[in-house]
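Next comes coords.cif, with mmCIF, C-alpha atoms.
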```
data_my_file
loop_
_atom_site.label_atom_id
_atom_site.label_comp_id
_atom_site.auth_asym_id
_atom_site.auth_seq_id
_atom_site.Cartn_x
_atom_site.Cartn_y
_atom_site.Cartn_z
CA MET A 6 -66.85 91.43 244.78
CA PRO A 7 -66.96 88.47 242.41
CA ILE A 8 -63.83 88.63 240.29
CA ILE A 9 -62.97 85.95 237.74
CA GLU A 10 -59.79 85.53 235.77
CA VAL A 11 -60.31 85.60 232.01
CA LYS A 12 -57.23 85.26 229.80
CA GLY A 13 -55.04 86.19 232.76
CA ARG A 14 -56.97 89.37 233.56
CA LYS A 15 -59.34 90.14 236.38
CA VAL A 16 -62.96 90.66 235.37
CA HIS A 17 -65.65 91.89 237.74
CA TYR A 18 -69.00 90.21 237.18
CA GLN A 19 -72.32 89.74 238.95
CA GLU A 20 -74.76 86.86 238.75
CA LEU A 21 -78.43 86.77 239.70
CA ASN A 22 -80.72 83.75 239.97
CA LYS A 23 -77.93 81.27 239.36
CA GLY A 24 -79.37 77.88 238.56
CA ALA A 25 -82.12 79.05 236.21
CA ARG A 26 -82.25 77.04 233.01
CA GLN A 27 -81.37 79.83 230.58
CA THR A 28 -78.83 82.63 230.91
CA VAL A 29 -78.91 86.23 229.75
CA VAL A 30 -75.55 88.00 229.51
CA PHE A 31 -75.55 91.81 229.45
CA VAL A 32 -72.79 93.96 227.93
CA HIS A 33 -72.56 97.62 228.95
CA GLY A 34 -71.30 100.59 226.92
CA MET A 35 -68.14 102.67 226.59
CA LEU A 36 -67.25 104.58 229.78
CA GLY A 37 -70.09 102.84 231.61
CA ASN A 38 -70.16 99.80 233.84
CA LEU A 39 -72.48 96.96 234.84
CA ALA A 40 -74.45 99.29 237.14
CA VAL A 41 -76.47 100.39 234.09
CA TYR A 42 -78.27 97.03 234.41
CA TYR A 43 -77.67 96.07 238.04
CA PHE A 44 -80.33 98.12 239.81
CA ARG A 45 -83.39 97.91 237.59
CA ILE A 46 -83.13 95.70 234.49
CA ALA A 47 -81.16 92.72 235.85
CA PRO A 48 -83.48 91.99 238.83
CA LEU A 49 -86.50 91.97 236.50
CA LEU A 50 -84.84 89.59 234.04
CA ALA A 51 -83.67 87.46 236.98
CA GLU A 52 -87.29 86.59 237.78
CA LEU A 53 -87.00 84.10 234.92
CA PHE A 54 -83.38 83.87 233.84
CA HIS A 55 -79.90 83.40 235.21
CA VAL A 56 -78.45 86.87 234.63
CA VAL A 57 -74.76 87.64 234.15
CA LEU A 58 -73.40 91.19 234.14
CA TYR A 59 -69.73 92.06 233.74
CA ASP A 60 -67.48 95.09 233.53
CA LEU A 61 -65.57 95.48 230.26
CA LYS A 62 -61.81 95.79 230.60
CA SER A 63 -60.68 99.09 232.13
CA HIS A 64 -64.29 99.81 233.11
CA GLY A 65 -66.03 99.51 236.47
CA LEU A 66 -64.05 97.19 238.73
CA SER A 67 -62.36 95.14 236.00
CA GLU A 68 -58.62 95.25 235.42
CA LYS A 69 -57.16 98.08 233.36
CA VAL A 70 -55.80 96.90 230.02
CA ARG A 71 -53.96 99.06 227.49
CA ASP A 72 -55.05 97.43 224.26
CA GLY A 73 -57.56 95.18 222.51
CA TYR A 74 -60.64 97.39 222.12
CA ASP A 75 -61.53 96.25 218.60
CA LEU A 76 -64.74 94.21 218.38
CA ASP A 77 -62.92 90.90 217.78
CA SER A 78 -60.94 91.31 221.01
CA MET A 79 -63.96 92.55 222.95
CA SER A 80 -66.07 89.61 221.80
CA ASP A 81 -63.15 87.27 222.64
CA ASP A 82 -63.33 88.64 226.18
CA LEU A 83 -67.05 87.87 226.26
CA PHE A 84 -66.55 84.28 225.08
CA GLY A 85 -63.67 83.93 227.56
CA LEU A 86 -66.01 84.94 230.37
CA MET A 87 -68.67 82.50 229.14
CA ASP A 88 -66.06 79.72 229.13
CA ALA A 89 -64.87 80.64 232.62
CA LEU A 90 -68.47 80.49 233.87
CA SER A 91 -69.15 77.26 231.91
CA LEU A 92 -71.87 78.88 229.80
CA ASP A 93 -72.14 77.22 226.39
CA ARG A 94 -75.07 79.13 225.03
CA VAL A 95 -76.75 82.33 226.21
CA HIS A 96 -79.16 85.08 225.33
CA LEU A 97 -77.14 88.22 224.74
CA ALA A 98 -78.07 91.88 225.25
CA GLY A 99 -75.70 94.77 224.58
CA TYR A 100 -76.07 98.50 225.06
CA SER A 101 -74.31 101.16 222.94
CA PHE A 102 -70.68 100.02 222.41
CA GLY A 103 -71.76 96.81 224.15
CA ALA A 104 -74.37 96.34 221.42
CA LEU A 105 -71.57 96.34 218.84
CA ILE A 106 -69.73 93.72 220.89
CA ALA A 107 -72.92 91.62 221.02
CA LEU A 108 -73.38 91.88 217.24
CA LYS A 109 -69.77 90.87 216.66
CA ALA A 110 -70.19 87.92 219.01
CA ALA A 111 -73.23 86.81 217.01
CA VAL A 112 -71.18 87.06 213.81
CA ARG A 113 -68.27 85.05 215.18
CA CYS A 114 -69.94 82.30 217.21
CA PRO A 115 -73.62 82.20 216.22
CA GLU A 116 -74.03 78.76 217.78
CA ARG A 117 -73.30 80.10 221.25
CA ILE A 118 -76.06 82.71 221.16
CA ASP A 119 -79.81 82.21 221.32
CA GLY A 120 -81.67 85.49 221.40
CA LEU A 121 -79.84 88.69 220.46
CA ALA A 122 -80.94 92.10 221.74
CA ILE A 123 -79.34 95.32 220.58
CA ILE A 124 -80.00 98.43 222.67
CA GLU A 125 -78.98 101.75 221.14
CA GLY A 126 -76.14 100.33 219.07
CA PRO A 127 -74.50 103.31 217.31
CA ASP A 128 -73.44 103.18 213.67
CA PRO A 129 -69.62 102.97 213.83
CA SER A 130 -69.36 104.96 210.59
CA ASP A 131 -70.95 107.93 212.34
CA GLU A 132 -67.92 109.74 213.68
CA GLU A 133 -69.76 112.44 215.58
CA PRO A 134 -70.46 110.68 218.92
CA LEU A 135 -66.92 109.39 219.17
CA ARG A 136 -65.44 112.72 218.14
CA ILE A 137 -67.32 114.45 220.94
CA MET A 138 -66.06 111.91 223.45
CA MET A 139 -62.51 112.06 222.23
CA GLU A 140 -62.38 115.83 222.33
CA TYR A 141 -63.20 115.57 225.99
CA SER A 142 -61.10 117.71 228.23
CA LYS A 143 -61.27 118.43 231.91
CA GLU A 144 -61.80 122.12 231.26
CA ALA A 145 -64.62 121.58 228.74
CA PHE A 146 -66.36 119.17 231.05
CA ASP A 147 -66.13 121.55 234.00
CA GLU A 148 -67.59 124.28 231.80
CA TRP A 149 -70.41 122.01 230.65
CA LEU A 150 -71.24 121.09 234.25
CA GLU A 151 -71.45 124.73 235.19
CA VAL A 152 -73.78 125.56 232.29
CA SER A 153 -75.99 122.50 232.82
CA GLY A 154 -76.25 123.11 236.58
CA ILE A 155 -75.36 119.51 237.44
CA ALA A 156 -73.75 119.23 240.85
CA MET A 157 -70.83 116.85 241.01
CA GLY A 158 -68.54 116.56 243.98
CA ARG A 159 -64.77 116.86 243.88
CA ARG A 160 -64.16 113.13 244.20
CA GLN A 161 -66.82 112.20 241.61
CA LEU A 162 -65.33 114.70 239.17
CA GLU A 163 -61.84 113.38 239.70
CA ARG A 164 -62.92 109.78 239.10
CA HIS A 165 -64.82 110.83 235.99
CA HIS A 166 -61.78 112.65 234.58
CA GLN A 167 -59.51 109.72 235.36
CA LEU A 168 -61.72 107.25 233.48
CA TYR A 169 -61.99 109.45 230.38
CA GLU A 170 -58.31 110.21 230.35
CA TYR A 171 -57.34 106.60 230.80
CA ILE A 172 -59.69 105.24 228.13
CA PHE A 173 -58.89 107.84 225.48
CA GLN A 174 -55.27 108.59 226.24
CA GLY A 175 -54.00 105.53 228.09
CA THR A 176 -55.44 102.82 225.83
CA THR A 177 -55.73 101.99 222.14
CA MET A 178 -59.52 102.57 222.23
CA GLN A 179 -59.48 105.46 219.73
CA ASP A 180 -57.47 103.62 217.08
CA ASP A 181 -59.25 100.33 217.62
CA VAL A 182 -62.72 101.81 217.26
CA GLN A 183 -61.72 103.65 214.08
CA LYS A 184 -61.12 100.26 212.45
CA GLU A 185 -64.77 99.27 212.90
CA LYS A 186 -66.28 101.96 210.67
CA GLU A 187 -67.51 99.54 208.02
CA PHE A 188 -69.15 97.15 210.46
CA PHE A 189 -72.79 98.02 209.70
CA SER A 190 -72.30 98.30 205.96
CA GLY A 191 -70.33 95.05 205.61
CA GLU A 192 -71.56 91.54 204.89
CA GLU A 193 -71.12 90.25 208.43
CA VAL A 194 -74.07 92.07 209.96
CA ALA A 195 -76.33 91.12 207.06
CA ALA A 196 -75.47 87.45 207.59
CA ILE A 197 -76.34 87.27 211.32
CA PRO A 198 -78.84 84.41 211.50
CA HIS A 199 -80.43 85.26 214.86
CA LYS A 200 -83.83 86.63 215.53
CA THR A 201 -82.82 90.06 216.83
CA LEU A 202 -84.60 92.64 218.94
CA LEU A 203 -83.53 96.23 218.34
CA ILE A 204 -84.40 98.71 221.10
CA TYR A 205 -83.81 102.41 220.44
CA GLY A 206 -84.89 105.63 222.13
CA LYS A 207 -87.49 107.65 220.23
CA ASP A 208 -85.44 110.80 220.76
CA SER A 209 -82.02 109.22 220.33
CA ASP A 210 -79.40 110.46 217.88
CA CYS A 211 -78.69 106.78 217.26
CA VAL A 212 -82.19 105.88 216.07
CA THR A 213 -81.09 106.03 212.42
CA ALA A 214 -78.62 103.24 213.24
CA GLY A 215 -81.64 101.22 214.39
CA TYR A 216 -83.40 101.82 211.08
CA LEU A 217 -80.22 100.87 209.21
CA LEU A 218 -79.86 97.60 211.12
CA GLY A 219 -83.56 97.01 210.57
CA ARG A 220 -82.98 97.15 206.82
CA ARG A 221 -79.71 95.24 206.76
CA MET A 222 -80.37 92.37 209.16
CA LYS A 223 -82.41 89.30 208.26
CA ASP A 224 -84.80 88.77 211.12
CA VAL A 225 -85.30 91.84 213.27
CA ARG A 226 -87.95 93.61 215.25
CA LEU A 227 -87.36 97.30 215.96
CA MET A 228 -88.90 98.72 219.09
CA LEU A 229 -88.85 102.42 219.95
CA VAL A 230 -89.16 103.36 223.61
CA ASN A 231 -89.41 106.70 225.39
CA GLY A 232 -86.05 108.37 225.90
CA ASP A 233 -82.83 109.16 224.10
CA HIS A 234 -79.54 107.25 224.03
CA HIS A 235 -79.88 106.61 227.77
CA VAL A 236 -83.01 104.41 227.55
CA PRO A 237 -81.75 101.70 229.94
CA VAL A 238 -81.70 104.37 232.64
CA GLN A 239 -84.67 106.40 231.40
CA SER A 240 -87.07 103.54 230.61
CA PRO A 241 -85.68 100.48 232.41
CA ASP A 242 -89.09 98.88 232.94
CA MET A 243 -89.95 99.06 229.24
CA VAL A 244 -86.53 97.77 228.22
CA ALA A 245 -86.71 94.91 230.73
CA ALA A 246 -90.27 93.98 229.71
CA ALA A 247 -89.28 93.91 226.04
CA LEU A 248 -86.24 91.74 226.79
CA LEU A 249 -88.25 89.33 228.95
CA ASP A 250 -90.90 88.96 226.30
CA PHE A 251 -88.31 88.48 223.55
CA PHE A 252 -86.04 86.00 225.34
CA GLU A 253 -88.95 84.00 226.73
CA ARG A 254 -90.21 83.03 223.28
CA MET B 19 -86.99 93.08 281.31
CA ASP B 20 -84.99 91.07 278.86
CA ALA B 21 -81.52 92.58 278.87
CA VAL B 22 -80.63 90.95 275.53
CA MET B 23 -83.44 92.69 273.64
CA SER B 24 -82.24 95.83 271.91
CA THR B 25 -84.56 98.78 271.41
CA PRO B 26 -85.35 99.85 267.84
CA SER B 27 -83.03 102.85 268.12
CA GLN B 28 -80.17 100.65 269.36
CA ALA B 29 -80.80 98.21 266.53
CA ASN B 30 -80.87 101.08 264.05
CA HIS B 31 -77.59 102.36 265.40
CA GLU B 32 -76.03 98.93 265.05
CA ILE B 33 -77.17 98.71 261.43
CA PHE B 34 -75.80 102.22 260.84
CA ILE B 35 -72.37 101.21 262.18
CA VAL B 36 -72.29 98.21 259.82
CA LEU B 37 -73.34 100.31 256.79
CA LYS B 38 -70.80 103.01 257.66
CA GLN B 39 -68.07 100.41 257.77
CA PHE B 40 -69.11 99.12 254.32
CA ILE B 41 -69.00 102.65 252.92
CA GLY B 42 -65.45 103.04 254.24
CA GLU B 43 -64.44 99.76 252.64
CA VAL B 44 -65.89 100.79 249.29
CA ILE B 45 -64.71 104.40 248.96
CA GLY B 46 -61.53 104.00 250.99
CA GLN B 47 -61.22 104.69 254.70
CA GLU B 48 -59.05 107.74 254.15
CA PHE B 49 -61.72 109.50 252.11
CA ALA B 50 -64.50 108.23 254.40
CA ASP B 51 -62.71 109.80 257.38
CA GLU B 52 -62.89 113.18 255.68
CA LEU B 53 -66.67 112.90 255.34
CA GLU B 54 -69.27 113.33 257.99
CA ILE B 55 -71.21 110.11 257.46
CA LYS B 56 -74.60 110.25 259.18
CA PRO B 57 -77.91 108.43 258.74
CA ALA B 58 -79.29 111.30 256.63
CA SER B 59 -76.34 111.16 254.19
CA SER B 60 -77.31 110.39 250.61
CA PHE B 61 -75.02 108.06 248.70
CA THR B 62 -74.79 110.09 245.53
CA ARG B 63 -74.89 113.70 246.71
CA ASP B 64 -73.36 113.67 250.18
CA LEU B 65 -71.00 110.72 249.97
CA GLU B 66 -70.19 111.25 246.27
CA MET B 67 -70.40 107.56 245.51
CA ASP B 68 -70.65 106.61 241.85
CA SER B 69 -72.76 103.83 240.39
CA ILE B 70 -70.19 101.03 240.58
CA GLU B 71 -69.38 101.93 244.20
CA ILE B 72 -73.07 101.69 245.06
CA VAL B 73 -73.07 98.24 243.40
CA ALA B 74 -70.10 97.21 245.57
CA PHE B 75 -71.85 98.59 248.66
CA SER B 76 -75.10 96.76 247.76
CA GLU B 77 -73.22 93.49 247.41
CA LYS B 78 -71.80 93.92 250.91
CA VAL B 79 -75.27 94.63 252.30
CA LYS B 80 -76.67 91.55 250.56
CA LYS B 81 -73.86 89.35 251.82
CA HIS B 82 -74.10 90.59 255.40
CA PHE B 83 -77.89 90.63 255.84
CA GLY B 84 -78.40 87.72 253.45
CA GLN B 85 -81.76 85.99 253.36
CA GLN B 86 -83.28 88.41 255.86
CA ILE B 87 -83.77 91.04 253.20
CA ASN B 88 -84.58 91.19 249.49
CA PHE B 89 -82.27 94.12 248.85
CA THR B 90 -82.07 93.68 245.07
CA GLY B 91 -85.84 93.45 244.80
CA TRP B 92 -86.29 96.55 246.94
CA LEU B 93 -83.84 98.58 244.86
CA SER B 94 -85.39 97.41 241.59
CA GLY B 95 -88.68 99.04 242.59
CA MET B 96 -87.10 102.51 242.68
CA ASP B 97 -86.95 105.00 239.85
CA ILE B 98 -83.75 106.84 239.01
CA ASP B 99 -84.60 109.88 241.19
CA GLN B 100 -85.28 107.64 244.18
CA LEU B 101 -81.98 105.84 243.64
CA ILE B 102 -80.10 109.13 243.40
CA GLY B 103 -81.78 110.41 246.56
CA LEU B 104 -81.27 107.19 248.53
CA THR B 105 -79.96 107.79 252.07
CA ILE B 106 -78.36 105.52 254.64
CA ASN B 107 -81.46 105.94 256.76
CA ASP B 108 -83.71 104.59 253.97
CA ILE B 109 -81.67 101.37 254.05
CA ILE B 110 -81.67 101.20 257.87
CA ILE B 111 -85.47 101.48 257.92
CA PHE B 112 -85.80 98.85 255.18
CA ILE B 113 -83.51 96.38 257.01
CA GLN B 114 -85.21 97.09 260.33
CA GLU B 115 -88.64 96.42 258.80
CA CYS B 116 -87.46 93.16 257.22
CA GLN B 117 -85.94 91.99 260.49
CA SER B 118 -88.93 92.87 262.64
CA SER B 119 -91.37 91.13 260.28
CA LYS B 120 -89.49 87.81 260.58
#
```
Encoding of this model in C-alpha cells:
Amino acid sequence: MPIIEVKGRKVHYQELNKGARQTVVFVHGMLGNLAVYYFRIAPLLAELFHVVLYDLKSHGLSEKVRDGYDLDSMSDDLFGLMDALSLDRVHLAGYSFGALIALKAAVRCPERIDGLAIIEGPDPSDEEPLRIMMEYSKEAFDEWLEVSGIAMGRRQLERHHQLYEYIFQGTTMQDDVQKEKEFFSGEEVAAIPHKTLLIYGKDSDCVTAGYLLGRRMKDVRLMLVNGDHHVPVQSPDMVAAALLDFFER
Amino acid sequence: MDAVMSTPSQANHEIFIVLKQFIGEVIGQEFADELEIKPASSFTRDLEMDSIEIVAFSEKVKKHFGQQINFTGWLSGMDIDQLIGLTINDIIIFIQECQSSK
C-alpha cells in the first residue's frame, strides 16, 4: 500500500494516471475513506487527469492521530501531502467533511488550487447530523441494523464500532468540529475567488447548505443529482461526469 | 502433449491460490483461517471485507497481475450492487479471460 510520511505521520494514498498534466486531489468524508472514490469516480477522472486519493488521519489505512481535526489542521495535512508529492497546484474535490476541508484549503492557499468542487458539504452550524453521529452507541447501532434488516458480519460490526468509538471518544474531533460553526456565515467563504462547482443530492438533508453556499460564494454553479447525502456512491457516473466537465474547462 | 501447458481449471486454481493468499494478507491470516474461503465466496458478505480492505486487495491484484489486466477499469464498470456481490470467482474468470486473450 502506498504510504507517505506527512509531518511525521503515515498517510495512505493512491495515485492513478501519474504523469498526466493536471492533478485532481479528492478528500473523503468523516468516518469514510478513499474507497468512496477509488472504485468508480477516480478511474473515470483518471482518463484525463492524474488522480490522488488519500485517507484522512485516523481513517482508512492512515495513522491514528488524537488531535487536529479543525479545518486549519485538516487543510494543513492536505497541503503537506501535496508538498510530499511535489504538487504545486491541483484541482480539488471534497465530499461531506472533506468538502469543508477543501473550502478551507481554498480560503488559505487559493493560489495552489485551480478548480474547486464541493460535494455534499454540510453546513457546520447545523448541529443535527453531528449530534446523531456523536450519540452513536454500539447498542443503538445494533438496534438500527436489526430494524433496517441490513446484514453485517461480526468482524465488520466490530471494525465499525471501533472506528466510531475512536473518532468520537479517542480524538478531539467533537470539540474541533464545534469550533467551525460559523464557517459558512463568515467572510472567508464569501471571499473564495475560485470558480466552484457545488454537487448536492436532490433528496439530501444537506441540500440547503448547497443553496446557502450558492448565495454566499462569488462564482458558483449548483448541480443537483439523483440521491441523498451518499451521491458519490449512489450516482458516481453523474458525479464523475460533472467533475470531468468542470475541471476540463 | 505439452507438459508445461496448464489446463484452464489448473490455471483457475492457481489464480485462486494467489487471491486467497492476498485475502489472508489483507484481513489477517488468523481471521482468514477461521473462514472457509472458496471461489464462490463474496468479498463483502462471506468474507466480511470492508471497502478499504477491498481497496488493499485490489492493489495487490493490480501489482501481481500488472499489465495483463485492466483491473481498475473493470471494477469501474460495475454498479454498487455488482461490487457488493463480487465473488472471488468473478475475478478469476476476469483474469483468466485477460490472460487467454493475450
Distance cut-off 9 Å, counting only C-alpha atoms - which residues of chain B neighbour chain A? Return them as a count of residues only. 23
Within 12 Å of A:Arg254, counting all atoms listed in the file, which residues show up once you throw out same-chain ones fewer than 6 positions away? Write them as a ChimeraX atom specification, please. /A:27,96,119-120,200,202,247-248
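The list of residues within 10 Å of (-72.3, 86.0, 239.4), counted using only C-alpha atoms, is Met6, Pro7, Ile8, Ile9, His17, Tyr18, Gln19, Glu20, Leu21, Asn22, Lys23, His55, Val56, Val57, Leu58, Tyr59 and Leu90 of chain A.
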For the structure shown, which residues end up in the PyMOL selection byres ((chain B and resi 39-44) around 7)? Put them as a ChimeraX atom specification, please? /B:35-38,45-47,50,71,74-75,78
Using all atoms listed in the file, what residues lie at most 9 Å away from (-85.9, 89.4, 209.9) (file coordinates), given as JSON, numbers by chain? {"A": [198, 199, 200, 201, 219, 220, 222, 223, 224, 225, 226]}
From the set B:Glu52, B:Ile109, B:Ser119, B:Asp99, which residue has the shortest atom-to-atom contact distance to B:Asn30, counting all atoms listed in the file? B:Ile109
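Relative to atom CA of A:Arg94, atom CA of A:Ala246 is found at 21.8 Å.
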